Every structure is written in structure tokens, then in C-alpha cells.
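Source file target_0.txt; content: compact mmCIF, C-alpha atoms.
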# COMPACT_ATOMS: atom_id res chain seq x y z
CA GLU A 12 3.81 -5.48 14.87
CA THR A 13 5.42 -4.10 11.69
CA GLY A 14 7.76 -1.61 13.34
CA VAL A 15 5.70 1.36 12.13
CA THR A 16 3.46 3.00 14.72
CA GLN A 17 0.70 5.46 13.93
CA THR A 18 -1.27 7.62 16.35
CA PRO A 19 -4.07 8.21 16.88
CA ARG A 20 -5.87 5.11 15.57
CA HIS A 21 -9.12 7.01 15.22
CA LEU A 22 -9.81 10.72 14.83
CA VAL A 23 -13.02 12.68 14.46
CA MET A 24 -12.68 16.33 13.61
CA GLY A 25 -14.78 19.25 12.47
CA MET A 26 -14.04 21.12 9.27
CA THR A 27 -12.55 24.06 11.14
CA ASN A 28 -10.23 22.04 13.40
CA LYS A 29 -6.47 21.61 13.16
CA LYS A 30 -5.06 18.21 14.01
CA SER A 31 -1.94 16.18 13.32
CA LEU A 32 -1.31 12.53 12.55
CA LYS A 33 1.91 11.00 13.80
CA CYS A 34 4.00 8.15 12.43
CA GLU A 35 7.15 6.62 13.88
CA GLN A 36 9.26 3.85 12.39
CA HIS A 37 11.67 1.71 14.41
CA LEU A 38 13.27 -0.05 11.45
CA GLY A 39 16.11 2.30 10.58
CA HIS A 40 14.62 3.00 7.15
CA ASN A 41 15.52 6.03 5.04
CA ALA A 42 12.17 6.69 3.34
CA MET A 43 8.68 7.36 4.68
CA TYR A 44 5.34 7.70 2.93
CA TRP A 45 1.77 8.87 3.48
CA TYR A 46 -1.01 7.03 1.69
CA LYS A 47 -4.77 7.70 1.69
CA GLN A 48 -7.18 4.75 1.48
CA SER A 49 -10.85 5.46 0.72
CA ALA A 50 -13.57 2.88 0.31
CA LYS A 51 -13.64 1.22 -3.13
CA LYS A 52 -10.58 3.18 -4.26
CA PRO A 53 -6.92 2.18 -4.52
CA LEU A 54 -4.37 3.46 -2.05
CA GLU A 55 -3.34 6.94 -3.13
CA LEU A 56 0.28 7.95 -2.65
CA MET A 57 0.26 11.42 -1.08
CA PHE A 58 3.78 12.30 0.05
CA VAL A 59 7.22 10.70 -0.01
CA TYR A 60 10.27 11.61 2.04
CA ASN A 61 13.71 10.21 1.21
CA PHE A 62 16.43 11.03 3.73
CA LYS A 63 14.06 13.63 5.27
CA GLU A 64 13.67 15.45 1.95
CA GLN A 65 10.24 15.55 0.33
CA THR A 66 10.53 13.96 -3.09
CA GLU A 67 6.90 13.46 -4.03
CA ASN A 68 3.72 15.46 -3.66
CA ASN A 69 1.01 13.91 -5.77
CA SER A 70 -1.17 17.01 -6.22
CA VAL A 71 -2.34 16.89 -2.64
CA PRO A 72 -4.43 19.90 -1.50
CA SER A 73 -2.62 22.36 0.74
CA ARG A 74 -4.95 21.57 3.65
CA PHE A 75 -2.67 18.53 4.10
CA SER A 76 0.82 19.52 5.22
CA PRO A 77 3.52 16.90 5.85
CA GLU A 78 6.51 17.28 8.13
CA CYS A 79 9.51 14.99 8.49
CA PRO A 80 11.78 16.25 11.30
CA ASN A 81 14.05 13.18 11.14
CA SER A 82 14.22 9.86 9.36
CA SER A 83 12.17 8.10 12.06
CA HIS A 84 9.23 10.47 12.38
CA LEU A 85 6.60 11.71 9.97
CA PHE A 86 3.64 13.97 10.61
CA LEU A 87 0.60 14.93 8.59
CA HIS A 88 -0.87 18.25 9.68
CA LEU A 89 -4.56 18.68 8.88
CA HIS A 90 -6.32 22.02 8.54
CA THR A 91 -9.77 22.98 7.30
CA LEU A 92 -10.58 19.52 5.95
CA GLN A 93 -13.64 18.55 3.94
CA PRO A 94 -15.98 15.58 4.57
CA GLU A 95 -14.57 13.86 1.47
CA ASP A 96 -11.20 13.74 3.24
CA SER A 97 -12.62 11.08 5.57
CA ALA A 98 -10.50 7.98 4.96
CA LEU A 99 -7.86 5.67 6.39
CA TYR A 100 -4.48 7.39 6.37
CA LEU A 101 -1.58 4.98 6.23
CA CYS A 102 2.06 5.65 6.91
CA ALA A 103 4.77 3.38 5.52
CA SER A 104 8.54 3.16 5.49
CA SER A 105 11.14 1.42 3.36
CA GLN A 106 14.87 1.23 2.79
CA VAL A 107 15.53 2.77 -0.61
CA GLY A 108 18.65 1.81 -2.54
CA THR A 109 19.25 -1.63 -1.07
CA ASN A 110 17.31 -3.71 -3.61
CA ASN A 111 14.79 -4.41 -0.85
CA GLU A 112 11.87 -2.34 -1.95
CA LYS A 113 9.02 -3.60 0.20
CA LEU A 114 6.95 -1.19 2.26
CA PHE A 115 6.18 -1.63 5.93
CA PHE A 116 2.84 -0.07 6.84
CA GLY A 117 1.42 1.13 10.12
CA SER A 118 -2.15 0.26 11.10
CA GLY A 119 -3.41 3.63 9.96
CA THR A 120 -5.48 6.47 11.36
CA GLN A 121 -9.20 6.26 10.55
CA LEU A 122 -10.20 9.88 10.03
CA SER A 123 -13.78 11.16 10.03
CA VAL A 124 -14.44 14.78 9.08
CA LEU A 125 -17.83 16.08 10.16
CA SER B 5 -3.66 7.25 -18.27
CA GLN B 6 -2.05 4.77 -15.92
CA LYS B 7 -4.25 2.02 -14.51
CA ILE B 8 -3.84 -0.99 -12.25
CA GLU B 9 -6.83 -3.32 -12.31
CA GLN B 10 -7.46 -6.35 -10.15
CA ASN B 11 -9.82 -8.79 -11.77
CA SER B 12 -12.63 -8.80 -9.28
CA GLU B 13 -13.62 -6.95 -6.20
CA ALA B 14 -14.51 -10.17 -4.37
CA LEU B 15 -13.69 -13.84 -4.81
CA ASN B 16 -15.18 -16.77 -2.85
CA ILE B 17 -13.62 -20.23 -2.96
CA GLN B 18 -13.91 -23.50 -1.07
CA GLU B 19 -11.27 -24.45 1.46
CA GLY B 20 -8.53 -26.58 -0.08
CA LYS B 21 -8.91 -25.12 -3.59
CA THR B 22 -6.45 -22.83 -5.34
CA ALA B 23 -7.31 -19.14 -5.41
CA THR B 24 -6.09 -17.19 -8.44
CA LEU B 25 -6.09 -13.39 -8.39
CA THR B 26 -5.25 -11.22 -11.40
CA CYS B 27 -3.53 -7.87 -11.66
CA ASN B 28 -3.44 -6.06 -15.02
CA TYR B 29 -1.79 -2.73 -15.68
CA THR B 30 -1.58 -0.18 -18.48
CA ASN B 31 0.89 2.61 -19.17
CA TYR B 32 3.40 1.40 -16.63
CA SER B 33 6.80 -0.18 -17.20
CA PRO B 34 7.53 -1.43 -13.69
CA ALA B 35 10.89 -2.76 -12.61
CA TYR B 36 9.03 -4.96 -10.14
CA LEU B 37 5.57 -5.86 -8.91
CA GLN B 38 4.55 -6.61 -5.35
CA TRP B 39 1.62 -8.32 -3.62
CA TYR B 40 0.30 -7.33 -0.21
CA ARG B 41 -2.32 -8.72 2.15
CA GLN B 42 -4.62 -6.38 4.09
CA ASP B 43 -6.88 -7.42 6.95
CA PRO B 44 -9.75 -5.19 8.14
CA GLY B 45 -8.56 -2.28 10.26
CA ARG B 46 -4.89 -2.96 9.51
CA GLY B 47 -2.27 -1.72 7.08
CA PRO B 48 -1.15 -3.86 4.14
CA VAL B 49 1.51 -6.50 4.81
CA PHE B 50 4.11 -7.42 2.18
CA LEU B 51 3.92 -10.94 0.73
CA LEU B 52 6.00 -11.27 -2.44
CA LEU B 53 8.02 -9.21 -4.91
CA ILE B 54 8.73 -10.28 -8.49
CA ARG B 55 11.09 -8.41 -10.82
CA GLU B 56 10.59 -7.69 -14.51
CA ASN B 57 13.15 -10.31 -15.53
CA GLU B 58 11.52 -13.04 -13.41
CA LYS B 59 8.65 -15.21 -14.62
CA GLU B 60 7.64 -16.85 -11.37
CA LYS B 61 8.25 -16.60 -7.63
CA ARG B 62 7.13 -18.94 -4.86
CA LYS B 63 6.84 -18.71 -1.10
CA GLU B 64 5.26 -21.61 0.76
CA ARG B 65 1.67 -21.88 -0.60
CA LEU B 66 1.96 -18.65 -2.59
CA LYS B 67 3.01 -18.33 -6.23
CA VAL B 68 3.27 -15.19 -8.34
CA THR B 69 3.80 -14.93 -12.08
CA PHE B 70 4.71 -11.82 -14.05
CA ASP B 71 4.19 -11.41 -17.79
CA THR B 72 5.50 -8.02 -18.97
CA THR B 73 4.21 -8.65 -22.50
CA LEU B 74 0.65 -9.18 -21.32
CA LYS B 75 1.19 -6.60 -18.55
CA GLN B 76 -0.27 -9.01 -16.08
CA SER B 77 0.54 -10.75 -12.80
CA LEU B 78 -1.23 -13.77 -11.37
CA PHE B 79 -1.24 -14.52 -7.66
CA HIS B 80 -2.05 -18.07 -6.55
CA ILE B 81 -2.78 -19.45 -3.10
CA THR B 82 -2.78 -23.25 -3.11
CA ALA B 83 -4.57 -25.42 -0.54
CA SER B 84 -6.45 -22.32 0.63
CA GLN B 85 -7.52 -22.00 4.25
CA PRO B 86 -10.14 -19.79 5.96
CA ALA B 87 -7.21 -17.86 7.51
CA ASP B 88 -6.25 -16.76 3.97
CA SER B 89 -9.44 -14.66 3.84
CA ALA B 90 -8.33 -11.04 3.39
CA THR B 91 -7.96 -8.35 0.74
CA TYR B 92 -4.99 -8.81 -1.59
CA LEU B 93 -3.39 -5.81 -3.28
CA CYS B 94 -0.95 -5.64 -6.15
CA ALA B 95 1.46 -2.72 -6.43
CA LEU B 96 3.86 -1.40 -9.06
CA ASP B 97 6.80 0.95 -8.85
CA ASP B 98 7.13 4.05 -11.03
CA GLN B 99 10.68 3.28 -12.22
CA THR B 100 12.15 6.39 -10.56
CA GLY B 101 14.20 4.28 -8.17
CA ALA B 102 12.52 6.01 -5.25
CA ASN B 103 10.29 3.04 -4.45
CA ASN B 104 7.08 4.97 -5.06
CA LEU B 105 4.42 2.25 -5.22
CA PHE B 106 1.03 2.52 -6.89
CA PHE B 107 -1.69 0.09 -5.84
CA GLY B 108 -4.67 -1.67 -7.39
CA THR B 109 -8.06 -1.56 -5.70
CA GLY B 110 -7.62 -5.05 -4.28
CA THR B 111 -9.51 -8.34 -4.36
CA ARG B 112 -11.35 -9.44 -1.22
CA LEU B 113 -10.86 -13.19 -0.92
CA THR B 114 -13.14 -15.33 1.23
CA VAL B 115 -12.24 -18.98 1.79
CA ILE B 116 -15.32 -20.94 2.78
CA PRO B 117 -14.81 -23.87 5.21

Once more with this new file: its structure as C-alpha cells, please.
Amino acid sequence: ETGVTQTPRHLVMGMTNKKSLKCEQHLGHNAMYWYKQSAKKPLELMFVYNFKEQTENNSVPSRFSPECPNSSHLFLHLHTLQPEDSALYLCASSQVGTNNEKLFFGSGTQLSVL
Amino acid sequence: SQKIEQNSEALNIQEGKTATLTCNYTNYSPAYLQWYRQDPGRGPVFLLLIRENEKEKRKERLKVTFDTTLKQSLFHITASQPADSATYLCALDDQTGANNLFFGTGTRLTVIP
């Protein structure tokens, strides 16, 4: 148990559906991240929130919409996805500014878009 | 363009031997480099961090080196065990101070009993 919980663990959705991924961290960290992991490709940093403010959006299509209502919760809203969006979506948290830069990851949501 | 390359996609070694994994990068000037372990169906787990002014770091059977001139890190597991079988990822920061990490594709290590 890393202290970062993601739900659901698995999700199958059609291209016209709207769904949301949820992440919660119990570590008191001030930064949260969304990463995408596809087969044979490196983890791709999608979004970063520091102190609830979005500080990074790495050219992610608008069909992915993040939300960070407080420093413990992070959502990824999905809308009109494509089959190539099927991947493992990982949430992570860290404490920025304390010289302790390691990331704590959740177990991920395995997403399949049909 | 920026690249992080890990030497091989898969590495098989005999139990008891030392596994050596390589991470090379281009067009980065990281303040630190990290190594993670990822098991199937799980998120990556942090193992070691080494800073740009450090040459070597050890933790139990793990050793990491960092050569900023060669732009390379080596990750060693000594006296390897079947339980060490996993995918190992290296990651670099982007020097913004925001702890944005960029990852290599990983090396899948299998330790054969």
C-alpha cells in the first residue's frame, strides 16, 4: 500500500461515453500527477497539480480533463475517447520543495476504449 | 529532442549474479535521477535517487552510479534473486523544481533460479 488509491482498477468504455477516474492520496503531499502508460512506451506525464493549481499540461487532448478539488483528490474526466487512448492511467503524488522528490504511485486504472 | 533510453527491453540473468541496467539520456540536464521498480498490474515503486553532484549511491543490494559527462546512470543489483524479477524504470527531472519526472521505457529483468 503506497498511500495513493485509484478507482476504478479497470474500466471499459465506448467512444461516446463519459467517465471519470479518481485518485486519493493519504500522505499529506502537495503535488499530484497523472501519467499514461501504454505498451512499449515510456510513462507520459499528462498533468501536474501543485497546491491544487495546474502547472503542467503536456499537450494532452481536450477529451481528457483533470480536476483537483483539494490537495488530496485528483480526477481525470474522460469524454469521447479514441481506441488509442486505451492504456494504464497512473496517479502519483509527491511533496515538492522538501528535497524529497520521489513519487508515490497508485496501482493505476486499466482503461479499454472500444 | 529529449530522450531517455534504457539499454535493453529485457534482461535475463542467473540467480546470484549481478544485474546491470543502463539508462542514457540526451538533451536533459537533470538535477537528479531516480530508479523505480514496477511489477505487473502495479504502479512504479521508488528505489533510489542520485543527485547530479553524487557519483554513487547504495541501498542494501542496490547500487546506482551517475555520470553527468557521459549522461548515463548504471543500476546494479548484486546477488540477484528471483524476487528481483520486475521492470526497472529510470526517471529524470526537468529542472523546473516542480518535480516533473520523465521516464525511460524500462528494462524487464528476469532472474532465473

Each residue of chain B with at least one atom at most 6 Å from chain A should appear once, together with its nearest atom pair and the corresponding distance in Å (one decimal); atoms considered: all atoms listed in the file; ordering: chain, then increasing residue number; output as JSON lines.
{"residue": "B:Arg46", "atom": "CA", "partner": "A:Ser118", "partner_atom": "CA", "distance": 4.5}
{"residue": "B:Gly47", "atom": "CA", "partner": "A:Ser118", "partner_atom": "CA", "distance": 4.5}
{"residue": "B:Phe107", "atom": "CA", "partner": "A:Leu54", "partner_atom": "CA", "distance": 5.7}
{"residue": "B:Gly108", "atom": "CA", "partner": "A:Pro53", "partner_atom": "CA", "distance": 5.3}
{"residue": "B:Thr109", "atom": "CA", "partner": "A:Pro53", "partner_atom": "CA", "distance": 4.1}

Report task. Please measure the separation of CA of Leu87 in chain A and CA of Val71 in chain A, giving the value in Å to one decimal. Result -> 11.8 Å

Query raised in the report: Quick one, how far is CA of Gln93 in chain A from CA of Cys79 in chain A?
Result: 23.9 Å

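Contact shell of Thr111 in chain B at 6 Å (only C-alpha atoms; same-chain neighbours under 4 positions omitted): Ser12, Glu13, Ala14, Thr91 and Tyr92 of chain B.
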
Any chance you could export the current selection's C-alpha atoms as a short mmCIF file (atom, residue, chain, number, x, y, z; two decimals), in the coordinates of the input?
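Written out: result-v6.cif:
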data_model
loop_
_atom_site.label_atom_id
_atom_site.label_comp_id
_atom_site.auth_asym_id
_atom_site.auth_seq_id
_atom_site.Cartn_x
_atom_site.Cartn_y
_atom_site.Cartn_z
CA SER B 12 -12.63 -8.80 -9.28
CA GLU B 13 -13.62 -6.95 -6.20
CA ALA B 14 -14.51 -10.17 -4.37
CA THR B 91 -7.96 -8.35 0.74
CA TYR B 92 -4.99 -8.81 -1.59
#

Query raised in the report: Could you work out how far CA of Ala35 in chain B lies from CA of Gln99 in chain B, giving the answer in Å with one decimal?
Result: 6.1 Å

Report task. Would you mind listing what lies within 9 Å of Ser33 in chain B as an MDAnalysis selection string, with only C-alpha atoms counted and same-chain residues fewer than 2 positions away left out? Result -> chainID B and resid 30:31 35:36 56 72 75 96:99

Query raised in the report: Nearest to Ser73 in chain A among A:Leu85, A:Ala98, A:Met57, A:Leu32, with distances taken over all atoms listed in the file: which residue is it?
Result: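 The answer is A:Met57, which sits nearest to Ser73 in chain A.
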
Query raised in the report: Could you name the residues that touch Thr91 in chain A at 7 Å or less, counting all atoms listed in the file, but leaving out those on the same chain fewer than 2 positions away, as a list of chain:residue names?
Result: A:Met26, A:Thr27, A:Asn28, A:Lys29, A:Arg74, A:Leu89, A:Gln93

Query raised in the report: At a cut-off of 8 Å from (6.9, -6.9, -2.8) in the coordinates of the file, what residues are picked up using all atoms listed in the file, written as a PyMOL selection string?
Result: (chain A and resi 112-114) or (chain B and resi 36-40+50-54+95)
